[in-house]
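Listing of entry.pdb; format and content: PDB, C-alpha atoms.
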```pdb
MODEL        1
ATOM      1  CA  MET A   1       0.000   0.000   0.000  1.00  0.00           C
ATOM      2  CA  ASP A   2       1.892   3.004  -1.267  1.00  0.00           C
ATOM      3  CA  PRO A   3       1.562   6.186   0.778  1.00  0.00           C
ATOM      4  CA  ALA A   4       0.446   8.189  -2.291  1.00  0.00           C
ATOM      5  CA  MET A   5      -2.817   6.211  -2.511  1.00  0.00           C
ATOM      6  CA  ILE A   6      -3.495   6.757   1.200  1.00  0.00           C
ATOM      7  CA  ASN A   7      -2.831  10.475   0.864  1.00  0.00           C
ATOM      8  CA  THR A   8      -5.162  10.892  -2.122  1.00  0.00           C
ATOM      9  CA  PHE A   9      -7.921   9.020  -0.256  1.00  0.00           C
ATOM     10  CA  ILE A  10      -7.501  11.234   2.805  1.00  0.00           C
ATOM     11  CA  LEU A  11      -7.439  14.278   0.524  1.00  0.00           C
ATOM     12  CA  TYR A  12     -11.008  13.426  -0.545  1.00  0.00           C
ATOM     13  CA  ILE A  13     -12.076  12.872   3.093  1.00  0.00           C
ATOM     14  CA  ILE A  14     -10.850  16.263   4.344  1.00  0.00           C
ATOM     15  CA  PRO A  15     -13.597  18.403   2.672  1.00  0.00           C
ATOM     16  CA  ILE A  16     -16.306  16.203   4.184  1.00  0.00           C
ATOM     17  CA  PHE A  17     -14.906  16.885   7.631  1.00  0.00           C
ATOM     18  CA  ILE A  18     -14.636  20.622   6.895  1.00  0.00           C
ATOM     19  CA  ILE A  19     -18.273  20.817   5.763  1.00  0.00           C
ATOM     20  CA  ALA A  20     -19.312  19.049   8.955  1.00  0.00           C
ATOM     21  CA  PHE A  21     -17.328  21.544  11.051  1.00  0.00           C
ATOM     22  CA  ILE A  22     -19.025  24.467   9.289  1.00  0.00           C
ATOM     23  CA  LEU A  23     -22.458  22.960  10.020  1.00  0.00           C
ATOM     24  CA  TYR A  24     -21.498  22.465  13.667  1.00  0.00           C
ATOM     25  CA  ILE A  25     -20.352  26.103  13.869  1.00  0.00           C
ATOM     26  CA  ILE A  26     -23.677  27.219  12.391  1.00  0.00           C
ATOM     27  CA  ARG A  27     -25.487  25.317  15.151  1.00  0.00           C
ATOM     28  CA  ALA A  28     -23.062  26.627  17.792  1.00  0.00           C
ATOM     29  CA  LEU A  29     -23.675  30.244  16.735  1.00  0.00           C
ATOM     30  CA  SER A  30     -27.426  29.973  16.289  1.00  0.00           C
ATOM     31  CA  GLY A  31     -28.148  27.566  19.144  1.00  0.00           C
ATOM     32  CA  PRO A  32     -31.036  29.109  21.152  1.00  0.00           C
ATOM     33  CA  THR A  33     -29.800  28.040  24.568  1.00  0.00           C
ATOM     34  CA  ILE A  34     -26.378  27.745  26.200  1.00  0.00           C
ATOM     35  CA  SER A  35     -26.698  23.972  26.279  1.00  0.00           C
ATOM     36  CA  ASP A  36     -27.133  23.793  22.522  1.00  0.00           C
ATOM     37  CA  GLN A  37     -23.999  25.837  21.977  1.00  0.00           C
ATOM     38  CA  VAL A  38     -21.964  23.744  24.391  1.00  0.00           C
ATOM     39  CA  LEU A  39     -23.277  20.543  22.836  1.00  0.00           C
ATOM     40  CA  ALA A  40     -22.339  21.724  19.344  1.00  0.00           C
ATOM     41  CA  ILE A  41     -18.844  22.757  20.478  1.00  0.00           C
ATOM     42  CA  ASP A  42     -18.473  19.442  22.339  1.00  0.00           C
ATOM     43  CA  ALA A  43     -19.407  17.283  19.347  1.00  0.00           C
ATOM     44  CA  MET A  44     -17.399  19.417  16.922  1.00  0.00           C
ATOM     45  CA  THR A  45     -14.222  19.288  18.986  1.00  0.00           C
ATOM     46  CA  TYR A  46     -14.309  15.521  19.386  1.00  0.00           C
ATOM     47  CA  ASP A  47     -14.445  15.433  15.583  1.00  0.00           C
ATOM     48  CA  ILE A  48     -11.556  17.899  15.407  1.00  0.00           C
ATOM     49  CA  ALA A  49      -9.566  15.479  17.574  1.00  0.00           C
ATOM     50  CA  ALA A  50     -10.343  12.714  15.072  1.00  0.00           C
ATOM     51  CA  PHE A  51      -9.428  15.101  12.248  1.00  0.00           C
ATOM     52  CA  LEU A  52      -6.084  15.735  13.954  1.00  0.00           C
ATOM     53  CA  VAL A  53      -5.331  12.011  14.035  1.00  0.00           C
ATOM     54  CA  ILE A  54      -6.208  11.702  10.333  1.00  0.00           C
ATOM     55  CA  LEU A  55      -4.074  14.735   9.502  1.00  0.00           C
ATOM     56  CA  SER A  56      -1.165  13.246  11.414  1.00  0.00           C
ATOM     57  CA  ILE A  57      -1.287  10.338   8.954  1.00  0.00           C
ATOM     58  CA  PHE A  58      -1.715  12.680   6.004  1.00  0.00           C
ATOM     59  CA  PHE A  59       1.278  14.852   6.950  1.00  0.00           C
ATOM     60  CA  ARG A  60       3.278  11.896   8.451  1.00  0.00           C
ATOM     61  CA  GLU A  61       3.740  13.854  11.693  1.00  0.00           C
ATOM     62  CA  PRO A  62       3.221  11.487  14.645  1.00  0.00           C
ATOM     63  CA  ILE A  63       3.512  14.354  17.153  1.00  0.00           C
ATOM     64  CA  LEU A  64       0.022  15.630  16.203  1.00  0.00           C
ATOM     65  CA  ILE A  65      -1.622  12.749  18.078  1.00  0.00           C
ATOM     66  CA  GLY A  66      -0.470  14.237  21.408  1.00  0.00           C
ATOM     67  CA  ALA A  67      -2.708  17.221  20.678  1.00  0.00           C
ATOM     68  CA  ALA A  68      -5.684  14.926  19.932  1.00  0.00           C
ATOM     69  CA  ILE A  69      -5.468  13.238  23.340  1.00  0.00           C
ATOM     70  CA  VAL A  70      -5.291  16.559  25.173  1.00  0.00           C
ATOM     71  CA  LEU A  71      -8.183  17.945  23.110  1.00  0.00           C
ATOM     72  CA  ALA A  72     -10.414  14.964  23.966  1.00  0.00           C
ATOM     73  CA  LEU A  73      -9.670  15.381  27.690  1.00  0.00           C
ATOM     74  CA  TRP A  74     -10.179  19.128  27.563  1.00  0.00           C
ATOM     75  CA  ILE A  75     -13.587  18.843  25.981  1.00  0.00           C
ATOM     76  CA  TYR A  76     -14.750  16.500  28.706  1.00  0.00           C
ATOM     77  CA  ALA A  77     -13.631  19.082  31.252  1.00  0.00           C
ATOM     78  CA  LEU A  78     -15.610  21.773  29.396  1.00  0.00           C
ATOM     79  CA  ASP A  79     -18.752  19.648  29.541  1.00  0.00           C
ATOM     80  CA  ILE A  80     -18.444  18.887  33.230  1.00  0.00           C
ATOM     81  CA  TYR A  81     -17.613  22.496  34.081  1.00  0.00           C
ATOM     82  CA  ILE A  82     -20.572  23.897  32.160  1.00  0.00           C
ATOM     83  CA  ALA A  83     -22.893  21.268  33.628  1.00  0.00           C
ATOM     84  CA  LYS A  84     -21.700  22.068  37.152  1.00  0.00           C
ATOM     85  CA  TYR A  85     -22.168  25.799  36.555  1.00  0.00           C
ATOM     86  CA  LEU A  86     -25.625  25.407  34.997  1.00  0.00           C
ATOM     87  CA  GLU A  87     -26.820  23.219  37.823  1.00  0.00           C
ATOM     88  CA  GLY A  88     -25.128  24.966  40.758  1.00  0.00           C
ATOM     89  CA  LYS A  89     -26.112  28.493  39.754  1.00  0.00           C
ATOM     90  CA  GLU A  90     -29.802  27.689  39.157  1.00  0.00           C
ATOM     91  CA  MET A  91     -30.586  25.417  42.048  1.00  0.00           C
ATOM     92  CA  GLY A  92     -28.175  27.048  44.485  1.00  0.00           C
ATOM     93  CA  GLU A  93     -27.921  23.908  46.593  1.00  0.00           C
TER      94      GLU A  93
ATOM     95  CA  MET B   1      -0.064  -8.480   5.423  1.00  0.00           C
ATOM     96  CA  TYR B   2      -0.511  -4.855   6.354  1.00  0.00           C
ATOM     97  CA  ASP B   3      -2.629  -4.170   3.254  1.00  0.00           C
ATOM     98  CA  ILE B   4      -5.701  -5.636   4.927  1.00  0.00           C
ATOM     99  CA  LEU B   5      -5.305  -3.341   7.933  1.00  0.00           C
ATOM    100  CA  THR B   6      -4.843  -0.326   5.694  1.00  0.00           C
ATOM    101  CA  TYR B   7      -7.973  -1.104   3.678  1.00  0.00           C
ATOM    102  CA  ILE B   8     -10.036  -1.614   6.820  1.00  0.00           C
ATOM    103  CA  GLY B   9      -8.637   1.589   8.312  1.00  0.00           C
ATOM    104  CA  LEU B  10      -9.405   3.631   5.205  1.00  0.00           C
ATOM    105  CA  ILE B  11     -12.963   2.283   5.098  1.00  0.00           C
ATOM    106  CA  MET B  12     -13.443   3.206   8.783  1.00  0.00           C
ATOM    107  CA  ILE B  13     -12.121   6.720   8.097  1.00  0.00           C
ATOM    108  CA  GLY B  14     -14.585   7.048   5.215  1.00  0.00           C
ATOM    109  CA  VAL B  15     -17.493   5.810   7.328  1.00  0.00           C
ATOM    110  CA  GLY B  16     -16.454   8.198  10.103  1.00  0.00           C
ATOM    111  CA  ALA B  17     -16.399  11.195   7.761  1.00  0.00           C
ATOM    112  CA  ILE B  18     -19.872  10.419   6.397  1.00  0.00           C
ATOM    113  CA  ALA B  19     -21.254   9.802   9.891  1.00  0.00           C
ATOM    114  CA  ASP B  20     -19.729  13.096  10.990  1.00  0.00           C
ATOM    115  CA  LEU B  21     -21.466  14.918   8.145  1.00  0.00           C
ATOM    116  CA  LEU B  22     -24.806  13.257   8.980  1.00  0.00           C
ATOM    117  CA  ALA B  23     -24.441  14.165  12.641  1.00  0.00           C
ATOM    118  CA  ALA B  24     -23.701  17.778  11.748  1.00  0.00           C
ATOM    119  CA  ILE B  25     -26.815  17.895   9.549  1.00  0.00           C
ATOM    120  CA  GLY B  26     -28.782  16.253  12.365  1.00  0.00           C
ATOM    121  CA  MET B  27     -27.566  18.881  14.800  1.00  0.00           C
ATOM    122  CA  ASN B  28     -29.168  21.549  12.620  1.00  0.00           C
ATOM    123  CA  LYS B  29     -32.320  19.668  11.661  1.00  0.00           C
ATOM    124  CA  PHE B  30     -33.487  18.510  15.111  1.00  0.00           C
ATOM    125  CA  TRP B  31     -35.597  21.186  16.767  1.00  0.00           C
ATOM    126  CA  ASN B  32     -34.950  20.456  20.436  1.00  0.00           C
ATOM    127  CA  PHE B  33     -31.870  20.150  22.650  1.00  0.00           C
ATOM    128  CA  TYR B  34     -32.772  16.651  23.827  1.00  0.00           C
ATOM    129  CA  LEU B  35     -33.116  15.449  20.216  1.00  0.00           C
ATOM    130  CA  ARG B  36     -29.797  17.035  19.341  1.00  0.00           C
ATOM    131  CA  LEU B  37     -28.167  14.898  22.019  1.00  0.00           C
ATOM    132  CA  HIS B  38     -28.775  11.940  19.723  1.00  0.00           C
ATOM    133  CA  ALA B  39     -27.100  13.680  16.791  1.00  0.00           C
ATOM    134  CA  ALA B  40     -24.186  14.727  19.016  1.00  0.00           C
ATOM    135  CA  THR B  41     -23.649  11.159  20.215  1.00  0.00           C
ATOM    136  CA  ILE B  42     -23.633   9.868  16.646  1.00  0.00           C
ATOM    137  CA  GLY B  43     -21.162  12.593  15.715  1.00  0.00           C
ATOM    138  CA  THR B  44     -18.986  11.653  18.660  1.00  0.00           C
ATOM    139  CA  ILE B  45     -18.928   7.851  18.501  1.00  0.00           C
ATOM    140  CA  TRP B  46     -19.283   7.201  14.778  1.00  0.00           C
ATOM    141  CA  GLY B  47     -17.680  10.468  13.777  1.00  0.00           C
ATOM    142  CA  ALA B  48     -14.696  10.465  16.130  1.00  0.00           C
ATOM    143  CA  PHE B  49     -14.149   7.027  17.710  1.00  0.00           C
ATOM    144  CA  VAL B  50     -14.410   5.035  14.457  1.00  0.00           C
ATOM    145  CA  PRO B  51     -12.076   7.245  12.336  1.00  0.00           C
ATOM    146  CA  ILE B  52      -9.448   7.262  15.078  1.00  0.00           C
ATOM    147  CA  ILE B  53      -9.489   3.458  15.236  1.00  0.00           C
ATOM    148  CA  GLY B  54      -9.308   3.440  11.419  1.00  0.00           C
ATOM    149  CA  ALA B  55      -6.430   5.910  11.400  1.00  0.00           C
ATOM    150  CA  SER B  56      -4.575   3.799  13.963  1.00  0.00           C
ATOM    151  CA  LEU B  57      -5.033   0.695  11.808  1.00  0.00           C
ATOM    152  CA  VAL B  58      -3.695   2.622   8.809  1.00  0.00           C
ATOM    153  CA  ALA B  59      -0.787   3.853  10.923  1.00  0.00           C
ATOM    154  CA  ILE B  60       0.167   0.251  11.819  1.00  0.00           C
ATOM    155  CA  GLY B  61       0.664  -0.661   8.172  1.00  0.00           C
ATOM    156  CA  TYR B  62       2.362   2.564   7.142  1.00  0.00           C
ATOM    157  CA  GLU B  63       6.054   1.772   6.531  1.00  0.00           C
ATOM    158  CA  ALA B  64       6.777   5.375   5.446  1.00  0.00           C
ATOM    159  CA  LEU B  65       6.660   6.408   9.095  1.00  0.00           C
ATOM    160  CA  GLY B  66       9.300   3.944  10.263  1.00  0.00           C
ATOM    161  CA  PRO B  67       9.367   3.202  14.005  1.00  0.00           C
ATOM    162  CA  TYR B  68       6.992   6.068  14.815  1.00  0.00           C
ATOM    163  CA  ARG B  69       3.999   4.204  13.375  1.00  0.00           C
ATOM    164  CA  TRP B  70       3.729   2.091  16.547  1.00  0.00           C
ATOM    165  CA  PHE B  71       3.658   5.281  18.639  1.00  0.00           C
ATOM    166  CA  MET B  72       0.891   6.680  16.439  1.00  0.00           C
ATOM    167  CA  ALA B  73      -1.173   3.482  16.507  1.00  0.00           C
ATOM    168  CA  GLY B  74      -0.864   3.190  20.294  1.00  0.00           C
ATOM    169  CA  ALA B  75      -1.710   6.822  20.915  1.00  0.00           C
ATOM    170  CA  GLY B  76      -4.605   6.518  18.484  1.00  0.00           C
ATOM    171  CA  PHE B  77      -6.080   3.557  20.351  1.00  0.00           C
ATOM    172  CA  VAL B  78      -5.667   5.388  23.686  1.00  0.00           C
ATOM    173  CA  THR B  79      -7.424   8.466  22.291  1.00  0.00           C
ATOM    174  CA  ALA B  80     -10.253   6.348  20.892  1.00  0.00           C
ATOM    175  CA  PHE B  81     -10.670   4.549  24.228  1.00  0.00           C
ATOM    176  CA  LEU B  82     -10.718   7.901  26.057  1.00  0.00           C
ATOM    177  CA  ILE B  83     -13.330   9.336  23.703  1.00  0.00           C
ATOM    178  CA  LEU B  84     -15.440   6.198  24.099  1.00  0.00           C
ATOM    179  CA  ILE B  85     -15.601   6.785  27.848  1.00  0.00           C
ATOM    180  CA  LEU B  86     -15.613  10.581  28.093  1.00  0.00           C
ATOM    181  CA  ALA B  87     -18.050  11.588  25.389  1.00  0.00           C
ATOM    182  CA  PRO B  88     -21.218   9.904  26.716  1.00  0.00           C
ATOM    183  CA  ALA B  89     -20.407  10.933  30.284  1.00  0.00           C
ATOM    184  CA  GLY B  90     -19.920  14.544  29.255  1.00  0.00           C
ATOM    185  CA  SER B  91     -23.082  14.830  27.200  1.00  0.00           C
ATOM    186  CA  HIS B  92     -25.073  13.030  29.907  1.00  0.00           C
ATOM    187  CA  ALA B  93     -23.857  15.524  32.516  1.00  0.00           C
ATOM    188  CA  LEU B  94     -24.815  18.370  30.203  1.00  0.00           C
ATOM    189  CA  ALA B  95     -28.286  16.909  29.600  1.00  0.00           C
ATOM    190  CA  ARG B  96     -28.867  16.365  33.334  1.00  0.00           C
ATOM    191  CA  ALA B  97     -27.853  19.923  34.143  1.00  0.00           C
ATOM    192  CA  THR B  98     -30.030  21.314  31.363  1.00  0.00           C
ATOM    193  CA  HIS B  99     -33.055  19.380  32.631  1.00  0.00           C
ATOM    194  CA  ARG B 100     -32.561  20.234  36.294  1.00  0.00           C
ATOM    195  CA  ALA B 101     -31.845  23.890  35.561  1.00  0.00           C
ATOM    196  CA  ARG B 102     -35.055  24.041  33.456  1.00  0.00           C
ATOM    197  CA  ILE B 103     -33.210  25.646  30.549  1.00  0.00           C
ATOM    198  CA  VAL B 104     -34.939  23.594  27.865  1.00  0.00           C
ATOM    199  CA  LYS B 105     -38.494  22.285  28.130  1.00  0.00           C
ATOM    200  CA  VAL B 106     -39.088  18.714  26.931  1.00  0.00           C
ATOM    201  CA  GLU B 107     -40.924  19.731  23.733  1.00  0.00           C
ATOM    202  CA  PRO B 108     -42.293  16.640  22.002  1.00  0.00           C
ATOM    203  CA  CYS B 109     -43.060  15.015  25.326  1.00  0.00           C
ATOM    204  CA  ILE B 110     -45.315  12.076  26.225  1.00  0.00           C
ATOM    205  CA  ALA B 111     -44.349  11.700  29.879  1.00  0.00           C
ATOM    206  CA  ASP B 112     -41.623  13.203  32.037  1.00  0.00           C
ATOM    207  CA  HIS B 113     -41.528  11.262  35.269  1.00  0.00           C
ATOM    208  CA  ILE B 114     -38.682  13.282  36.716  1.00  0.00           C
ATOM    209  CA  ASP B 115     -40.463  16.613  36.557  1.00  0.00           C
ATOM    210  CA  GLU B 116     -44.024  16.857  35.234  1.00  0.00           C
ATOM    211  CA  SER B 117     -43.938  20.653  34.813  1.00  0.00           C
ATOM    212  CA  MET B 118     -41.178  20.325  32.209  1.00  0.00           C
ATOM    213  CA  CYS B 119     -43.307  18.224  29.903  1.00  0.00           C
ATOM    214  CA  VAL B 120     -44.985  20.112  27.013  1.00  0.00           C
ATOM    215  CA  LYS B 121     -47.754  17.867  25.664  1.00  0.00           C
ATOM    216  CA  LYS B 122     -48.694  17.712  21.943  1.00  0.00           C
ATOM    217  CA  GLY B 123     -51.268  20.528  22.359  1.00  0.00           C
ATOM    218  CA  GLY B 124     -48.561  22.737  23.833  1.00  0.00           C
ATOM    219  CA  ASN B 125     -49.971  23.498  27.314  1.00  0.00           C
ATOM    220  CA  LYS B 126     -47.189  25.915  28.244  1.00  0.00           C
TER     221      LYS B 126
ENDMDL
END
```
Serialized structure, C-alpha cells:
Amino acid sequence: MDPAMINTFILYIIPIFIIAFILYIIRALSGPTISDQVLAIDAMTYDIAAFLVILSIFFREPILIGAAIVLALWIYALDIYIAKYLEGKEMGE
Amino acid sequence: MYDILTYIGLIMIGVGAIADLLAAIGMNKFWNFYLRLHAATIGTIWGAFVPIIGASLVAIGYEALGPYRWFMAGAGFVTAFLILILAPAGSHALARATHRARIVKVEPCIADHIDESMCVKKGGNK
C-alpha cells in the first residue's frame, strides 16, 4: 500500500470533515440556549480530535496525536464544568 | 499483510467522515436540545471514535513512518478509548444539568416522570 494512494484518499475525506465543522459552527452560533452551543462545540471538537489524528497520517507527523489526546480530555472538562455551573447556579444547593 | 489493515482503516475513516457529516446535519435539523443529544452522540462515537481506530489501523501498516507508526497506533487507540468513555459521560452531565436547571423544556413530550412541569404535551400546554 503506497503512501500516495493513502494520501489521495484522505485528501477526498478532508472536505467532508470541513463541511461538517461548518455545520457544527452554524449550530453553535445559532443555538437558542447555552446547552445547545456547548453541545455543538463538544461534538465538533471531538471530531476535530479525530481530524487531527487523520491529519497526522496525512502529513506523516506522529507528534500531532499528542494534541488529539489533550483535546479529547479538555472537551470533557468543558462539559463537566458547564454542567456544574448550569446546575449549581440555578438550584443554588 | 498490512494491506488488509490499511484497507479496513481507510474504510473506517470514510465511514467516520460520512457519519460526521450526517451528525452535523442532524444537529441543525433537530428542533430540540434533547433530540440534538442523539445527533451529538452519533457525531462523537461514529464520527470520532471510528475514524481514530481506522487511522490507527492505517498507521500500523504505514512503513513510510518507520518506528513512529507504533507510537501513532498506540496513541490513536488510547485516544479512541478515552473518547469512548468521556463523550457519553460529558453529554449526559450536560443533559442532566439542562433538565434540572429548566433551561430547555421537553418539547415533544409524552411523559416526564422526573419533573411533570417540564413536559410540554402535543397541544402545547405551556
Worksheet entry | Proximity to Gly26 (chain B) - best of A:Ala72, A:Ile82, A:Ala20, A:Leu29, only C-alpha atoms |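 Once distances to Gly26 (chain B) are computed over only C-alpha atoms, the minimum belongs to A:Ala20.
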Which residues match the PyMOL selection byres ((chain A and resi 54-66) around 6) in the file above, as a CSV table (one decimal) with C-alpha atoms, in the coordinates of the input?
```csv
chain,number,residue,atom,x,y,z
A,7,ASN,CA,-2.8,10.5,0.9
A,51,PHE,CA,-9.4,15.1,12.2
A,52,LEU,CA,-6.1,15.7,14.0
A,53,VAL,CA,-5.3,12.0,14.0
A,67,ALA,CA,-2.7,17.2,20.7
A,68,ALA,CA,-5.7,14.9,19.9
A,69,ILE,CA,-5.5,13.2,23.3
B,55,ALA,CA,-6.4,5.9,11.4
B,72,MET,CA,0.9,6.7,16.4
```
Item to complete: Name the residues in contact with Val58 (chain B) at a cut-off of 6 Å, using only C-alpha atoms, excluding same-chain residues fewer than 3 positions from it; report them as a list in words.
Response: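 Final neighbour list, sorted by chain and number: Thr6, Gly9, Ala55 and Gly61 of chain B.
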Practice prompt. Starting from the shown file, work through the PyMOL selection byres ((chain A and resi 33) around 12) and note down what comes out as a PyMOL selection string.
Written response: (chain A and resi 27-32+34-40+86) or (chain B and resi 31-34+98+101-105)
Worksheet item: When you draw a straight line from CA of Tyr81 (chain A) to CA of Ile85 (chain B), how long is it in Å?
Response: 17.0 Å
Discussion item. Using only C-alpha atoms for the distances, tell me which of A:Leu11, A:Leu23, A:Leu71, A:Ile18 is nearest to chain B.
Written reply: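 Checking each of A:Leu11, A:Leu23, A:Leu71, A:Ile18 against chain B, counting only C-alpha atoms, the winner is A:Leu23.
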Worksheet, complete the sentence: As a check of understanding: the span from CA of Ile6 (chain A) to CA of Asp42 (chain A) is 28.8 Å
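Distances to chain A were evaluated for B:Ala111, B:Leu84, B:Ala73, B:Ala93 using all atoms listed in the file, and the minimum falls at B:Ala93.
With CA of His38 (chain B) on one side and CA of Ala23 (chain B) on the other, the separation reads 8.6 Å.
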List the residues selected by the PyMOL selection byres ((chain B and resi 13) around 12) in the file shown, writing them as a short mmCIF file (atom, residue, chain, number, x, y, z; two decimals) with C-alpha atoms, in the frame of the given file.
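The resulting file, result_13.cif, is reproduced below:
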```
data_model
loop_
_atom_site.label_atom_id
_atom_site.label_comp_id
_atom_site.auth_asym_id
_atom_site.auth_seq_id
_atom_site.Cartn_x
_atom_site.Cartn_y
_atom_site.Cartn_z
CA ILE A 6 -3.50 6.76 1.20
CA PHE A 9 -7.92 9.02 -0.26
CA ILE A 10 -7.50 11.23 2.80
CA LEU A 11 -7.44 14.28 0.52
CA TYR A 12 -11.01 13.43 -0.55
CA ILE A 13 -12.08 12.87 3.09
CA ILE A 14 -10.85 16.26 4.34
CA ILE A 16 -16.31 16.20 4.18
CA PHE A 17 -14.91 16.89 7.63
CA ASP A 47 -14.44 15.43 15.58
CA ALA A 50 -10.34 12.71 15.07
CA PHE A 51 -9.43 15.10 12.25
CA VAL A 53 -5.33 12.01 14.04
CA ILE A 54 -6.21 11.70 10.33
CA LEU A 55 -4.07 14.74 9.50
CA ILE A 57 -1.29 10.34 8.95
CA THR B 6 -4.84 -0.33 5.69
CA TYR B 7 -7.97 -1.10 3.68
CA ILE B 8 -10.04 -1.61 6.82
CA GLY B 9 -8.64 1.59 8.31
CA LEU B 10 -9.40 3.63 5.20
CA ILE B 11 -12.96 2.28 5.10
CA MET B 12 -13.44 3.21 8.78
CA GLY B 14 -14.58 7.05 5.22
CA VAL B 15 -17.49 5.81 7.33
CA GLY B 16 -16.45 8.20 10.10
CA ALA B 17 -16.40 11.20 7.76
CA ILE B 18 -19.87 10.42 6.40
CA ALA B 19 -21.25 9.80 9.89
CA ASP B 20 -19.73 13.10 10.99
CA TRP B 46 -19.28 7.20 14.78
CA GLY B 47 -17.68 10.47 13.78
CA ALA B 48 -14.70 10.46 16.13
CA PHE B 49 -14.15 7.03 17.71
CA VAL B 50 -14.41 5.04 14.46
CA PRO B 51 -12.08 7.24 12.34
CA ILE B 52 -9.45 7.26 15.08
CA ILE B 53 -9.49 3.46 15.24
CA GLY B 54 -9.31 3.44 11.42
CA ALA B 55 -6.43 5.91 11.40
CA SER B 56 -4.58 3.80 13.96
CA LEU B 57 -5.03 0.70 11.81
CA VAL B 58 -3.70 2.62 8.81
#
```
Practice prompt. Compile the contact shell of Tyr24 (chain A) as a list in words: residues with an atom at most 9 Å away, counting all atoms listed in the file, same-chain residues fewer than 5 positions apart removed.
Written response: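 The filter keeps Ile19, Leu29, Ala40, Ile41, Ala43 and Met44 of chain A; Ala23, Ala24, Ile25, Met27 and Asn28 of chain B.
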Worksheet item: Of the candidates A:Ile25, A:Tyr76, A:Ala4, A:Gly88, which one gets nearest to chain B if we count only C-alpha atoms?
Response: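 With only C-alpha atoms as the atom set, the closest residue is A:Tyr76.
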Item to complete: Determine, counting all atoms listed in the file, which protein, DNA and RNA residues have an atom within 9 Å of an atom of Tyr62 (chain B); residues of the same chain fewer than 6 positions away are not included. Present the result as a count of residues only.
Response: 7
Item to complete: Find, counting all atoms listed in the file, the residue in A:Asp79, A:Met5, A:Trp74, A:Tyr85 that gets nearest to chain B.
Response: A:Asp79
Please supply region 71-84 of chain A, rebuilt with N, CA, C and O atoms, as a compact mmCIF listing (two decimals), in the coordinates of the input.
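What landed in result.txt:
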```
# COMPACT_ATOMS: atom_id res chain seq x y z
N LEU A 71 -6.92 17.31 23.52
CA LEU A 71 -8.18 17.94 23.11
C LEU A 71 -9.38 17.15 23.62
O LEU A 71 -10.35 17.71 24.15
N ALA A 72 -9.29 15.80 23.50
CA ALA A 72 -10.41 14.96 23.97
C ALA A 72 -10.62 15.16 25.46
O ALA A 72 -11.75 15.33 25.94
N LEU A 73 -9.52 15.21 26.24
CA LEU A 73 -9.67 15.38 27.69
C LEU A 73 -10.23 16.76 28.00
O LEU A 73 -11.11 16.92 28.85
N TRP A 74 -9.76 17.77 27.26
CA TRP A 74 -10.18 19.13 27.56
C TRP A 74 -11.67 19.30 27.32
O TRP A 74 -12.37 19.97 28.08
N ILE A 75 -12.17 18.64 26.28
CA ILE A 75 -13.59 18.84 25.98
C ILE A 75 -14.46 18.20 27.04
O ILE A 75 -15.52 18.72 27.41
N TYR A 76 -13.99 17.11 27.61
CA TYR A 76 -14.75 16.50 28.71
C TYR A 76 -14.79 17.46 29.88
O TYR A 76 -15.85 17.66 30.51
N ALA A 77 -13.66 18.13 30.13
CA ALA A 77 -13.63 19.08 31.25
C ALA A 77 -14.60 20.23 30.98
O ALA A 77 -15.34 20.67 31.87
N LEU A 78 -14.67 20.68 29.73
CA LEU A 78 -15.61 21.77 29.40
C LEU A 78 -17.04 21.34 29.70
O LEU A 78 -17.80 22.05 30.37
N ASP A 79 -17.39 20.12 29.30
CA ASP A 79 -18.75 19.65 29.54
C ASP A 79 -19.08 19.64 31.03
O ASP A 79 -20.10 20.16 31.46
N ILE A 80 -18.17 19.02 31.79
CA ILE A 80 -18.44 18.89 33.23
C ILE A 80 -18.52 20.26 33.87
O ILE A 80 -19.41 20.54 34.69
N TYR A 81 -17.63 21.17 33.46
CA TYR A 81 -17.61 22.50 34.08
C TYR A 81 -18.91 23.24 33.79
O TYR A 81 -19.57 23.81 34.67
N ILE A 82 -19.34 23.19 32.52
CA ILE A 82 -20.57 23.90 32.16
C ILE A 82 -21.75 23.27 32.88
O ILE A 82 -22.63 23.96 33.43
N ALA A 83 -21.77 21.92 32.96
CA ALA A 83 -22.89 21.27 33.63
C ALA A 83 -22.92 21.67 35.09
O ALA A 83 -23.97 21.99 35.65
N LYS A 84 -21.73 21.71 35.72
CA LYS A 84 -21.70 22.07 37.15
C LYS A 84 -22.20 23.49 37.32
O LYS A 84 -22.99 23.79 38.21
```
